[in-house]
file protein02.txt (compact mmCIF, C-alpha atoms and all ligand atoms)
# COMPACT_ATOMS: atom_id res chain seq x y z
CA MET P 1 0.00 0.00 0.00
CA LYS P 2 1.48 3.34 -1.09
CA ILE P 3 0.82 6.32 1.17
CA ILE P 4 1.93 9.95 1.37
CA ALA P 5 2.09 10.85 5.08
CA ILE P 6 2.26 14.35 6.51
CA GLU P 7 3.24 15.31 10.07
CA THR P 8 3.18 18.98 11.13
CA SER P 9 1.79 18.83 14.67
CA HIS P 10 4.66 20.63 16.36
CA ASP P 11 7.96 21.94 15.00
CA ASP P 12 8.94 19.26 12.49
CA THR P 13 7.70 19.47 8.91
CA SER P 14 7.79 15.88 7.74
CA VAL P 15 6.38 14.37 4.55
CA VAL P 16 7.18 10.83 3.41
CA LEU P 17 6.26 8.56 0.55
CA TYR P 18 5.74 5.13 2.10
CA GLU P 19 5.06 1.69 0.70
CA ASN P 20 4.61 -1.51 2.71
CA ARG P 21 6.81 -0.70 5.72
CA LYS P 22 9.42 1.02 3.55
CA ILE P 23 10.13 4.73 3.25
CA LEU P 24 10.62 5.49 -0.46
CA HIS P 25 11.27 9.21 0.04
CA ASP P 26 11.66 11.30 3.18
CA PHE P 27 11.22 15.08 2.97
CA SER P 28 11.70 16.31 6.52
CA PHE P 29 12.74 19.65 7.95
CA SER P 30 13.41 20.18 11.63
CA GLN P 31 12.64 23.66 12.97
CA THR P 32 14.74 23.13 16.12
CA ALA P 33 17.54 25.45 14.97
CA PHE P 34 14.99 28.15 14.11
CA HIS P 35 13.27 28.04 17.53
CA LYS P 36 16.50 27.64 19.53
CA LYS P 37 16.99 31.40 19.84
CA PHE P 38 13.61 31.67 21.62
CA GLY P 39 14.41 28.83 24.06
CA GLY P 40 11.34 26.86 22.90
CA THR P 41 8.85 26.50 20.06
CA VAL P 42 6.91 29.69 19.20
CA PRO P 43 3.56 28.40 17.81
CA GLU P 44 2.89 31.23 15.32
CA TYR P 45 6.41 30.95 13.87
CA ALA P 46 6.04 27.16 13.70
CA SER P 47 2.95 27.49 11.44
CA ARG P 48 4.76 29.93 9.15
CA GLN P 49 7.80 27.66 8.99
CA HIS P 50 5.54 24.73 8.02
CA LEU P 51 4.13 26.82 5.18
CA ILE P 52 7.62 27.63 3.88
CA HIS P 53 8.84 24.01 4.14
CA LEU P 54 5.70 22.47 2.63
CA ALA P 55 6.06 24.80 -0.37
CA GLU P 56 9.65 23.53 -0.78
CA ILE P 57 8.63 19.90 -0.40
CA LEU P 58 5.73 19.98 -2.90
CA PRO P 59 7.72 20.15 -6.19
CA GLN P 60 10.10 17.44 -4.94
CA LEU P 61 7.21 15.20 -3.92
CA LEU P 62 5.51 15.63 -7.29
CA LYS P 63 8.70 14.42 -9.02
CA THR P 64 8.45 11.02 -7.27
CA ASP P 65 6.52 8.03 -8.62
CA LEU P 66 3.01 8.50 -7.25
CA THR P 67 1.35 5.77 -9.33
CA ASN P 68 -0.88 3.42 -7.33
CA LEU P 69 -1.08 5.90 -4.47
CA ASP P 70 -3.67 4.60 -2.02
CA HIS P 71 -4.26 7.64 0.19
CA ILE P 72 -2.76 10.59 2.02
CA ALA P 73 -2.45 10.30 5.80
CA TYR P 74 -2.04 13.43 7.89
CA THR P 75 -1.81 14.23 11.60
CA ASN P 76 -5.07 15.84 12.69
CA GLU P 77 -4.60 15.88 16.50
CA PRO P 78 -3.21 16.58 19.08
CA GLY P 79 -0.74 19.43 18.47
CA LEU P 80 -0.38 23.16 17.85
CA VAL P 81 -3.58 24.32 16.17
CA GLY P 82 -1.94 26.46 13.47
CA SER P 83 0.69 23.82 12.70
CA LEU P 84 -1.90 21.04 12.42
CA HIS P 85 -3.95 23.27 10.15
CA MET P 86 -1.04 23.69 7.70
CA GLY P 87 -0.65 19.92 7.37
CA LYS P 88 -4.37 19.38 6.99
CA LEU P 89 -4.75 22.01 4.23
CA PHE P 90 -1.73 20.59 2.41
CA ALA P 91 -3.13 17.04 2.68
CA LYS P 92 -6.62 18.01 1.51
CA ALA P 93 -5.36 20.03 -1.47
CA LEU P 94 -2.96 17.28 -2.51
CA ALA P 95 -5.67 14.64 -2.14
CA LEU P 96 -8.00 16.63 -4.35
CA ALA P 97 -5.31 17.13 -6.99
CA LEU P 98 -4.22 13.47 -6.96
CA GLY P 99 -7.73 12.01 -6.76
CA VAL P 100 -7.24 10.06 -3.51
CA LYS P 101 -8.64 10.35 0.02
CA ALA P 102 -7.01 12.34 2.83
CA LYS P 103 -7.22 10.35 6.08
CA PRO P 104 -6.66 11.83 9.56
CA VAL P 105 -4.32 10.09 12.01
CA ASN P 106 -3.96 10.73 15.74
CA HIS P 107 -0.35 11.75 16.44
CA MET P 108 -0.20 9.63 19.60
CA PHE P 109 -1.23 6.49 17.69
CA GLY P 110 1.69 7.23 15.35
CA HIS P 111 4.07 7.29 18.34
CA ILE P 112 2.61 3.99 19.63
CA PHE P 113 2.94 2.17 16.29
CA ALA P 114 6.40 3.52 15.35
CA VAL P 115 7.81 0.27 16.79
CA ALA P 116 5.96 -1.68 14.05
CA PHE P 117 8.78 -0.75 11.63
CA THR P 118 11.14 -3.05 13.48
CA SER P 119 8.98 -5.39 15.61
CA LYS P 120 5.80 -7.37 15.62
CA ILE P 121 3.36 -6.11 18.23
CA THR P 122 1.55 -8.75 20.27
CA TYR P 123 -1.72 -7.83 21.97
CA PRO P 124 -2.85 -6.72 24.44
CA ALA P 125 0.01 -4.23 24.78
CA LEU P 126 0.72 -1.31 27.08
CA ALA P 127 2.31 1.80 25.55
CA LEU P 128 4.20 4.50 27.41
CA ILE P 129 4.42 7.63 25.25
CA VAL P 130 6.75 10.29 26.60
CA SER P 131 7.41 13.48 24.67
CA GLY P 132 7.73 17.25 25.04
CA GLY P 133 3.96 17.63 25.14
CA HIS P 134 2.69 14.31 26.51
CA THR P 135 3.23 11.60 29.07
CA GLN P 136 0.60 8.98 28.55
CA LEU P 137 -0.07 5.34 29.25
CA TRP P 138 -2.19 3.54 26.66
CA ASP P 139 -4.00 0.21 26.68
CA VAL P 140 -3.52 -1.14 23.14
CA GLN P 141 -5.90 -4.02 22.41
CA SER P 142 -5.52 -3.79 18.61
CA PHE P 143 -5.04 -1.22 15.83
CA ASN P 144 -8.59 -0.07 16.36
CA SER P 145 -8.95 -0.36 20.10
CA ILE P 146 -6.54 2.01 21.83
CA LYS P 147 -7.62 3.45 25.17
CA LEU P 148 -5.93 6.09 27.31
CA ILE P 149 -5.26 4.76 30.83
CA SER P 150 -3.61 7.82 32.36
CA GLN P 151 -1.59 10.92 31.61
CA THR P 152 0.37 13.62 33.38
CA SER P 153 -1.62 16.10 35.44
CA ASP P 154 0.99 18.85 34.94
CA ASP P 155 4.25 18.92 32.94
CA ALA P 156 5.14 16.31 30.35
CA ALA P 157 8.36 14.36 30.96
CA GLY P 158 10.14 16.02 28.01
CA GLU P 159 8.97 19.42 29.22
CA ALA P 160 10.59 18.73 32.61
CA PHE P 161 13.85 17.81 30.82
CA ASP P 162 13.63 21.04 28.80
CA LYS P 163 12.91 23.23 31.85
CA VAL P 164 15.73 21.77 33.94
CA ALA P 165 18.10 22.16 30.97
CA ARG P 166 17.04 25.78 30.60
CA ALA P 167 17.74 26.44 34.32
CA LEU P 168 21.19 24.89 33.81
CA LYS P 169 21.67 27.03 30.68
CA LEU P 170 22.38 23.90 28.62
CA GLY P 171 20.29 24.86 25.58
CA PHE P 172 17.19 23.57 23.77
CA PRO P 173 15.87 20.92 23.43
CA GLY P 174 17.14 19.90 26.85
CA GLY P 175 16.55 16.13 26.86
CA PRO P 176 19.51 15.07 24.72
CA LEU P 177 21.83 17.56 26.48
CA ILE P 178 20.93 16.24 29.95
CA ASP P 179 21.26 12.68 28.64
CA LYS P 180 24.78 13.49 27.39
CA LEU P 181 25.79 14.77 30.84
CA TYR P 182 24.34 11.72 32.63
CA ASN P 183 26.90 9.84 34.67
CA LYS P 184 25.65 7.10 36.98
CA ASP P 185 28.61 7.61 39.31
CA LYS P 186 27.29 11.09 40.14
CA VAL P 187 23.88 9.81 41.27
CA ASP P 188 23.28 10.07 45.02
CA GLY P 189 19.47 10.23 45.01
CA ILE P 190 19.20 13.90 45.99
CA PHE P 191 16.15 14.45 43.75
CA ASN P 192 14.40 11.16 44.40
CA ILE P 193 10.66 11.57 44.71
CA ARG P 194 8.14 9.29 46.35
CA SER P 195 5.75 7.92 43.75
CA GLN P 196 2.16 6.95 44.63
CA GLN P 197 1.30 3.32 43.91
CA ASP P 198 -1.12 4.34 41.16
CA LEU P 199 -0.84 5.14 37.46
CA ALA P 200 -1.19 8.92 37.67
CA PHE P 201 1.81 10.95 36.45
CA SER P 202 3.08 14.27 37.81
CA PHE P 203 6.44 15.93 37.25
CA SER P 204 6.00 19.39 38.73
CA GLY P 205 7.21 18.28 42.20
CA LEU P 206 10.46 16.91 40.80
CA LYS P 207 10.96 19.92 38.53
CA THR P 208 10.44 22.31 41.49
CA LYS P 209 12.85 20.30 43.65
CA VAL P 210 15.59 20.65 41.01
CA LEU P 211 14.90 24.35 40.32
CA ASN P 212 14.89 25.13 44.08
CA TYR P 213 18.22 23.35 44.48
CA ILE P 214 19.75 25.42 41.64
CA ASN P 215 18.37 28.68 43.11
CA ASN P 216 19.66 27.80 46.58
CA GLN P 217 23.14 27.11 45.25
CA LYS P 218 23.07 30.45 43.42
CA GLN P 219 21.88 32.39 46.49
CA LYS P 220 24.59 30.87 48.66
CA ASP P 221 27.21 31.46 45.97
CA LEU P 222 27.90 27.75 45.84
CA PRO P 223 29.05 26.00 42.64
CA ILE P 224 26.48 24.59 40.22
CA ASP P 225 27.71 21.19 39.13
CA LYS P 226 25.73 20.72 35.92
CA ALA P 227 26.66 17.06 35.46
CA TYR P 228 25.71 16.27 39.09
CA ILE P 229 22.32 17.98 38.75
CA ALA P 230 21.61 16.53 35.29
CA SER P 231 22.56 12.99 36.38
CA ASN P 232 20.40 13.08 39.49
CA PHE P 233 17.46 14.62 37.66
CA GLN P 234 17.65 12.05 34.84
CA TYR P 235 17.98 9.19 37.30
CA SER P 236 14.98 10.38 39.31
CA ILE P 237 12.59 10.99 36.39
CA ILE P 238 13.46 7.73 34.61
CA ASN P 239 13.20 5.77 37.85
CA TYR P 240 9.74 7.30 38.36
CA LEU P 241 8.61 6.32 34.82
CA ILE P 242 9.97 2.79 35.21
CA ASN P 243 8.22 2.35 38.58
CA LYS P 244 4.93 3.44 37.02
CA MET P 245 5.43 0.93 34.20
CA LYS P 246 6.10 -1.83 36.75
CA ILE P 247 2.78 -1.06 38.44
CA ALA P 248 1.02 -1.05 35.05
CA VAL P 249 2.59 -4.35 33.95
CA ASP P 250 1.54 -6.01 37.23
CA LYS P 251 -2.00 -4.72 36.84
CA TYR P 252 -2.61 -5.30 33.11
CA LYS P 253 -0.31 -8.28 32.44
CA PRO P 254 0.26 -7.26 28.79
CA GLN P 255 1.76 -9.45 26.05
CA ALA P 256 4.06 -6.59 25.04
CA ILE P 257 5.10 -3.16 26.26
CA ILE P 258 5.80 -0.29 23.86
CA LEU P 259 7.88 2.85 24.32
CA GLY P 260 7.42 5.96 22.15
CA GLY P 261 7.85 9.73 21.84
CA GLY P 262 10.89 12.02 21.91
CA VAL P 263 11.96 11.00 25.43
CA ALA P 264 12.13 7.37 24.17
CA ALA P 265 15.54 8.47 22.83
CA ASN P 266 16.81 8.66 26.43
CA SER P 267 19.63 6.18 27.01
CA LEU P 268 18.70 5.29 30.61
CA LEU P 269 14.99 4.91 29.80
CA ARG P 270 15.78 2.61 26.84
CA GLN P 271 18.09 0.50 29.00
CA GLU P 272 15.63 0.15 31.90
CA PHE P 273 12.50 -0.25 29.76
CA ALA P 274 14.09 -3.22 27.97
CA LEU P 275 14.37 -5.04 31.32
CA LEU P 276 10.70 -4.63 32.23
CA HIS P 277 9.18 -7.30 29.99
CA SER P 278 10.22 -10.23 27.78
CA HIS P 279 8.53 -8.48 24.83
CA SER P 280 9.63 -4.90 25.33
CA LEU P 281 9.39 -2.87 22.12
CA ILE P 282 11.59 0.20 21.80
CA PRO P 283 11.57 2.33 18.62
CA ALA P 284 14.73 2.80 16.55
CA MET P 285 16.18 6.25 17.28
CA GLN P 286 14.92 7.79 14.02
CA PHE P 287 11.32 6.92 14.99
CA THR P 288 11.42 8.51 18.46
CA THR P 289 11.03 12.17 17.46
CA ASP P 290 8.03 13.46 15.54
CA ASN P 291 8.08 12.15 11.97
CA ALA P 292 5.67 11.28 9.18
CA MET P 293 6.99 7.69 8.98
CA MET P 294 5.02 6.76 12.09
CA ILE P 295 1.89 8.40 10.68
CA ALA P 296 2.31 6.33 7.51
CA ILE P 297 2.74 2.97 9.24
CA TYR P 298 -0.20 3.50 11.56
CA SER P 299 -2.43 4.53 8.66
CA HIS P 300 -1.31 1.44 6.70
CA LEU P 301 -1.93 -0.99 9.58
CA LYS P 302 -5.30 0.60 10.28
CA GLU P 303 -6.36 0.27 6.61
CA LEU P 304 -5.38 -3.40 6.57
CA ASN P 305 -7.48 -4.09 9.62
CA ASP P 306 -10.48 -1.89 8.91
O1 LIG J 1 8.07 13.61 20.44
P1 LIG J 1 8.91 14.85 20.34
O2 LIG J 1 9.92 14.93 19.23
O3 LIG J 1 8.03 16.13 20.20
C1 LIG J 1 6.86 16.31 20.87
O4 LIG J 1 5.81 15.87 20.36
O5 LIG J 1 6.94 16.88 21.98
O6 LIG J 1 9.64 15.03 21.76
C2 LIG J 1 10.51 16.09 22.03
C3 LIG J 1 10.95 15.96 23.47
C4 LIG J 1 11.73 17.18 23.98
O7 LIG J 1 11.19 17.58 25.22
C5 LIG J 1 13.15 16.65 24.15
O8 LIG J 1 13.89 17.30 25.18
C6 LIG J 1 12.89 15.19 24.48
O9 LIG J 1 11.83 14.83 23.63
N1 LIG J 1 14.08 14.34 24.22
C7 LIG J 1 14.73 13.68 25.21
C8 LIG J 1 15.84 13.04 24.58
N2 LIG J 1 15.79 13.32 23.24
C9 LIG J 1 14.70 14.11 23.04
N3 LIG J 1 14.48 13.59 26.52
C10 LIG J 1 15.35 12.86 27.26
N4 LIG J 1 16.44 12.24 26.76
C11 LIG J 1 16.72 12.29 25.44
N5 LIG J 1 17.79 11.65 24.95
ZN ZN J 2 5.18 13.75 19.35

call {"tool": "encode", "arguments": {"input": "protein02.txt", "output": "C-alpha cells"}}
result
Amino acid sequence: MKIIAIETSHDDTSVVLYENRKILHDFSFSQTAFHKKFGGTVPEYASRQHLIHLAEILPQLLKTDLTNLDHIAYTNEPGLVGSLHMGKLFAKALALALGVKAKPVNHMFGHIFAVAFTSKITYPALALIVSGGHTQLWDVQSFNSIKLISQTSDDAAGEAFDKVARALKLGFPGGPLIDKLYNKDKVDGIFNIRSQQDLAFSFSGLKTKVLNYINNQKQKDLPIDKAYIASNFQYSIINYLINKMKIAVDKYKPQAIILGGGVAANSLLRQEFALLHSHSLIPAMQFTTDNAMMIAIYSHLKELND
C-alpha cells in the first residue's frame, strides 16, 4: 500500500512517501535550529515555517513516482492548532489534486505504532508515550482499540527535561543535552521523589525540587555542578517512569510493552525499559522524534485491519 504521510503537529515538517513498511522518500525539515533562539517553540512561527517548508517539499514530492497511491495520511490531533492546520490544508489540497482520500491520524497512535517498523506487536500491549507535550499510558488491544489509561496532570516528561536544561543554561531541546551529561557515578538520590502506587503521572514536584536546588546554590554562591544535577534529575525521572510501568505491567499483564515519543531516545529509559518485559518494544532512534513515517505505518496498519 502506497501512502503519502504528513506530520506537522509541532515543529517538524515531515512528509514521506511510504510503501509496505518502507520509506521510499523522506522530505523532513526540523525547525529546532529556528526556535532555539527563543528557548522553545513559538507556535505562530512554527505554522509559518511549516508553510515555507511544505512549499519547498511539494515540487520534490511531485517528481516522485506516485502511481498506485492509495491515500494521504495526515496528523489531525493533538498538536499546535496552526501547525496542524497547515498539514491538513496541504493534505486536503494534494488529495483533491491526486484524486485520492485524505485520512486523519492521531499523532499519539503514530508514536505507539512507530515500533511496528522493526517489531511485531503482540496484543494486548501497554504503551508509554513520553514526549515534550505528553506523558501517557495507553491500553492497546488492537489497531482499532486504543484506550488512554492515564496521563500527566501537569508537565510532560520532556517538558521537565527542557525546563531543567534551561535552568542549567544547557540549551534547547534539553533532553539530549541532559542525557549526554548523565553519569551514573554522580547519582546520590538527591532528587528522588516518592511515587504513589497508582498510574497517575506528575512531574512538577520533581521539577520544582531541582529548580529550588539550583536557586539555593546560586543564592549561597555555591558552585552549580551541571553534570551532578543533570545525572540526578535524569535518574529520578526515569526511575519514576519505570516504577509506574512496573505497576502497570503487574496490573494489566500485557503481552508486550511499547515505548514511544521524543523521550524514548533517552539512554537510561531505553536501558531500563528493555528489562521490564520479555517483549519490550523500543523504537529505533529515528522513529522517536516526531516524523511522518510513524503516521504512515499506523495509517497502513489501520487500513489493513479496517
Ligand atoms: O516527540 P517529540 O519529538 O516532540 C513532541 O511531540 O513533543 O519530543 C521532544 C521531546 C523534547 O522535550 C526533548 O527534550 C525530548 O523529547 N528528548 C529527550 C531526549 N531526546 C529528546 N528527553 C530525554 N532524553 C533524550 N535523549
Ligand atoms: Zn510527538

call {"tool": "residues_around", "arguments": {"input": "protein02.txt", "residues": "region 72-83 of chain P", "least_positions_apart": "3", "cutoff": "10 Å", "atoms": "all atoms listed in the file", "output": "ChimeraX atom specification"}}
result
/P:2-13,15-17,42-51,69,86-92,94-95,98,100-110,133-134,292,295-300

call {"tool": "closest_atom_pairs", "arguments": {"input": "protein02.txt", "of": "chain P", "to": "ligand ZN 2 (chain J)", "cutoff": "7 Å", "atoms": "all atoms listed in the file", "output": "JSON lines"}}
result
{"residue": "P:His107", "atom": "CA", "partner": "J:ZN2", "partner_atom": "ZN", "distance": 6.6}
{"residue": "P:Met108", "atom": "CA", "partner": "J:ZN2", "partner_atom": "ZN", "distance": 6.8}
{"residue": "P:His111", "atom": "CA", "partner": "J:ZN2", "partner_atom": "ZN", "distance": 6.6}
{"residue": "P:Ser131", "atom": "CA", "partner": "J:ZN2", "partner_atom": "ZN", "distance": 5.8}
{"residue": "P:Gly261", "atom": "CA", "partner": "J:ZN2", "partner_atom": "ZN", "distance": 5.4}
{"residue": "P:Gly262", "atom": "CA", "partner": "J:ZN2", "partner_atom": "ZN", "distance": 6.5}
{"residue": "P:Thr289", "atom": "CA", "partner": "J:ZN2", "partner_atom": "ZN", "distance": 6.3}
{"residue": "P:Asp290", "atom": "CA", "partner": "J:ZN2", "partner_atom": "ZN", "distance": 4.8}

call {"tool": "atom_distance", "arguments": {"input": "protein02.txt", "atom1": "CA of Pro173 (chain P)", "atom2": "CA of Ser195 (chain P)"}}
result
26.2 Å

call {"tool": "residues_around", "arguments": {"input": "protein02.txt", "residues": "region 250-257 of chain P", "least_positions_apart": "6", "cutoff": "9 Å", "atoms": "only C-alpha atoms", "output": "list of chain:residue names"}}
result
P:Ile121, P:Thr122, P:Tyr123, P:Pro124, P:Ala125, P:Leu126, P:Ala127, P:Leu128, P:Asp139, P:Phe273, P:Leu276, P:His277, P:Ser278, P:His279, P:Ser280, P:Leu281, P:Ile282

call {"tool": "closest_residue", "arguments": {"input": "protein02.txt", "among": "P:Tyr240, P:Phe113, P:Tyr182, P:Tyr228", "to": "ligand LIG 1 (chain J)", "atoms": "only C-alpha atoms and all ligand atoms"}}
result
P:Tyr182

call {"tool": "closest_residue", "arguments": {"input": "protein02.txt", "among": "P:Asn243, P:Ser142, P:Thr67, P:Gln151", "to": "Glu19 (chain P)", "atoms": "all atoms listed in the file"}}
result
P:Thr67

call {"tool": "residues_near_point", "arguments": {"input": "protein02.txt", "point": "(15.3, 19.9, 37.9)", "cutoff": "7 Å", "atoms": "all atoms listed in the file", "output": "list of chain:residue names"}}
result
P:Val164, P:Leu206, P:Lys207, P:Thr208, P:Lys209, P:Val210, P:Leu211, P:Phe233

call {"tool": "residues_around", "arguments": {"input": "protein02.txt", "residues": "Asp198 (chain P)", "least_positions_apart": "3", "cutoff": "10 Å", "atoms": "only C-alpha atoms", "output": "VMD selection string"}}
result
chain P and resid 150 195 201 243 to 244 247 to 248

call {"tool": "atom_distance", "arguments": {"input": "protein02.txt", "atom1": "CA of Glu56 (chain P)", "atom2": "atom O8 of ligand LIG 1 (chain J)"}}
result
27.0 Å

call {"tool": "closest_residue", "arguments": {"input": "protein02.txt", "among": "P:Phe117, P:Phe161, P:Phe143, P:Tyr18", "to": "ligand LIG 1 (chain J)", "atoms": "all atoms listed in the file"}}
result
P:Phe161

call {"tool": "atom_distance", "arguments": {"input": "protein02.txt", "atom1": "CA of Lys246 (chain P)", "atom2": "CA of Lys147 (chain P)"}}
result
18.7 Å

call {"tool": "closest_residue", "arguments": {"input": "protein02.txt", "among": "P:Ala156, P:Met285, P:Val263, P:Ile229", "to": "Ile190 (chain P)", "atoms": "all atoms listed in the file"}}
result
P:Ile229

call {"tool": "decode", "arguments": {"input": "protein02.txt", "residues": "region 222-250 of chain P", "atoms": "N, CA and C atoms", "output": "PDB file, in the first residue's frame"}}
result
ATOM      1  N   LEU P 222      27.241  29.065  45.893  1.00  0.00           N
ATOM      2  CA  LEU P 222      27.897  27.752  45.841  1.00  0.00           C
ATOM      3  C   LEU P 222      27.979  27.301  44.372  1.00  0.00           C
ATOM      4  N   PRO P 223      28.912  26.415  44.049  1.00  0.00           N
ATOM      5  CA  PRO P 223      29.054  26.001  42.637  1.00  0.00           C
ATOM      6  C   PRO P 223      27.842  25.219  42.140  1.00  0.00           C
ATOM      7  N   ILE P 224      27.568  25.357  40.836  1.00  0.00           N
ATOM      8  CA  ILE P 224      26.478  24.588  40.225  1.00  0.00           C
ATOM      9  C   ILE P 224      27.118  23.522  39.348  1.00  0.00           C
ATOM     10  N   ASP P 225      27.096  22.300  39.860  1.00  0.00           N
ATOM     11  CA  ASP P 225      27.708  21.187  39.128  1.00  0.00           C
ATOM     12  C   ASP P 225      26.654  20.642  38.158  1.00  0.00           C
ATOM     13  N   LYS P 226      26.761  21.072  36.904  1.00  0.00           N
ATOM     14  CA  LYS P 226      25.726  20.725  35.917  1.00  0.00           C
ATOM     15  C   LYS P 226      25.588  19.209  35.733  1.00  0.00           C
ATOM     16  N   ALA P 227      26.713  18.516  35.681  1.00  0.00           N
ATOM     17  CA  ALA P 227      26.663  17.060  35.462  1.00  0.00           C
ATOM     18  C   ALA P 227      26.014  16.363  36.661  1.00  0.00           C
ATOM     19  N   TYR P 228      26.287  16.852  37.870  1.00  0.00           N
ATOM     20  CA  TYR P 228      25.706  16.268  39.090  1.00  0.00           C
ATOM     21  C   TYR P 228      24.182  16.455  39.077  1.00  0.00           C
ATOM     22  N   ILE P 229      23.759  17.677  38.748  1.00  0.00           N
ATOM     23  CA  ILE P 229      22.320  17.980  38.752  1.00  0.00           C
ATOM     24  C   ILE P 229      21.617  17.206  37.627  1.00  0.00           C
ATOM     25  N   ALA P 230      22.207  17.228  36.435  1.00  0.00           N
ATOM     26  CA  ALA P 230      21.612  16.528  35.289  1.00  0.00           C
ATOM     27  C   ALA P 230      21.511  15.027  35.563  1.00  0.00           C
ATOM     28  N   SER P 231      22.551  14.448  36.123  1.00  0.00           N
ATOM     29  CA  SER P 231      22.563  12.995  36.381  1.00  0.00           C
ATOM     30  C   SER P 231      21.489  12.620  37.391  1.00  0.00           C
ATOM     31  N   ASN P 232      21.398  13.399  38.459  1.00  0.00           N
ATOM     32  CA  ASN P 232      20.402  13.077  39.486  1.00  0.00           C
ATOM     33  C   ASN P 232      18.982  13.326  39.010  1.00  0.00           C
ATOM     34  N   PHE P 233      18.801  14.372  38.202  1.00  0.00           N
ATOM     35  CA  PHE P 233      17.461  14.623  37.655  1.00  0.00           C
ATOM     36  C   PHE P 233      17.065  13.475  36.719  1.00  0.00           C
ATOM     37  N   GLN P 234      17.973  13.129  35.797  1.00  0.00           N
ATOM     38  CA  GLN P 234      17.651  12.048  34.838  1.00  0.00           C
ATOM     39  C   GLN P 234      17.359  10.739  35.568  1.00  0.00           C
ATOM     40  N   TYR P 235      18.173  10.430  36.561  1.00  0.00           N
ATOM     41  CA  TYR P 235      17.975   9.189  37.305  1.00  0.00           C
ATOM     42  C   TYR P 235      16.585   9.180  37.948  1.00  0.00           C
ATOM     43  N   SER P 236      16.229  10.305  38.570  1.00  0.00           N
ATOM     44  CA  SER P 236      14.980  10.379  39.309  1.00  0.00           C
ATOM     45  C   SER P 236      13.761  10.262  38.389  1.00  0.00           C
ATOM     46  N   ILE P 237      13.770  10.996  37.282  1.00  0.00           N
ATOM     47  CA  ILE P 237      12.589  10.991  36.392  1.00  0.00           C
ATOM     48  C   ILE P 237      12.436   9.638  35.688  1.00  0.00           C
ATOM     49  N   ILE P 238      13.551   9.037  35.301  1.00  0.00           N
ATOM     50  CA  ILE P 238      13.462   7.735  34.609  1.00  0.00           C
ATOM     51  C   ILE P 238      13.038   6.647  35.602  1.00  0.00           C
ATOM     52  N   ASN P 239      13.578   6.716  36.814  1.00  0.00           N
ATOM     53  CA  ASN P 239      13.205   5.774  37.853  1.00  0.00           C
ATOM     54  C   ASN P 239      11.697   5.836  38.116  1.00  0.00           C
ATOM     55  N   TYR P 240      11.170   7.058  38.132  1.00  0.00           N
ATOM     56  CA  TYR P 240       9.739   7.298  38.356  1.00  0.00           C
ATOM     57  C   TYR P 240       8.919   6.655  37.229  1.00  0.00           C
ATOM     58  N   LEU P 241       9.341   6.887  35.969  1.00  0.00           N
ATOM     59  CA  LEU P 241       8.613   6.319  34.822  1.00  0.00           C
ATOM     60  C   LEU P 241       8.662   4.785  34.846  1.00  0.00           C
ATOM     61  N   ILE P 242       9.814   4.258  35.178  1.00  0.00           N
ATOM     62  CA  ILE P 242       9.973   2.793  35.213  1.00  0.00           C
ATOM     63  C   ILE P 242       9.108   2.192  36.324  1.00  0.00           C
ATOM     64  N   ASN P 243       9.068   2.841  37.487  1.00  0.00           N
ATOM     65  CA  ASN P 243       8.215   2.345  38.580  1.00  0.00           C
ATOM     66  C   ASN P 243       6.755   2.339  38.188  1.00  0.00           C
ATOM     67  N   LYS P 244       6.321   3.385  37.479  1.00  0.00           N
ATOM     68  CA  LYS P 244       4.926   3.445  37.020  1.00  0.00           C
ATOM     69  C   LYS P 244       4.650   2.295  36.046  1.00  0.00           C
ATOM     70  N   MET P 245       5.624   2.032  35.164  1.00  0.00           N
ATOM     71  CA  MET P 245       5.434   0.927  34.204  1.00  0.00           C
ATOM     72  C   MET P 245       5.344  -0.421  34.918  1.00  0.00           C
ATOM     73  N   LYS P 246       6.139  -0.562  35.987  1.00  0.00           N
ATOM     74  CA  LYS P 246       6.102  -1.832  36.749  1.00  0.00           C
ATOM     75  C   LYS P 246       4.708  -2.039  37.329  1.00  0.00           C
ATOM     76  N   ILE P 247       4.128  -0.973  37.869  1.00  0.00           N
ATOM     77  CA  ILE P 247       2.775  -1.058  38.445  1.00  0.00           C
ATOM     78  C   ILE P 247       1.785  -1.437  37.339  1.00  0.00           C
ATOM     79  N   ALA P 248       1.946  -0.797  36.169  1.00  0.00           N
ATOM     80  CA  ALA P 248       1.024  -1.047  35.048  1.00  0.00           C
ATOM     81  C   ALA P 248       1.142  -2.486  34.535  1.00  0.00           C
ATOM     82  N   VAL P 249       2.379  -2.979  34.450  1.00  0.00           N
ATOM     83  CA  VAL P 249       2.591  -4.347  33.952  1.00  0.00           C
ATOM     84  C   VAL P 249       1.967  -5.352  34.917  1.00  0.00           C
ATOM     85  N   ASP P 250       2.140  -5.124  36.210  1.00  0.00           N
ATOM     86  CA  ASP P 250       1.541  -6.012  37.228  1.00  0.00           C
ATOM     87  C   ASP P 250       0.031  -6.011  37.124  1.00  0.00           C
TER      88      ASP P 250
END
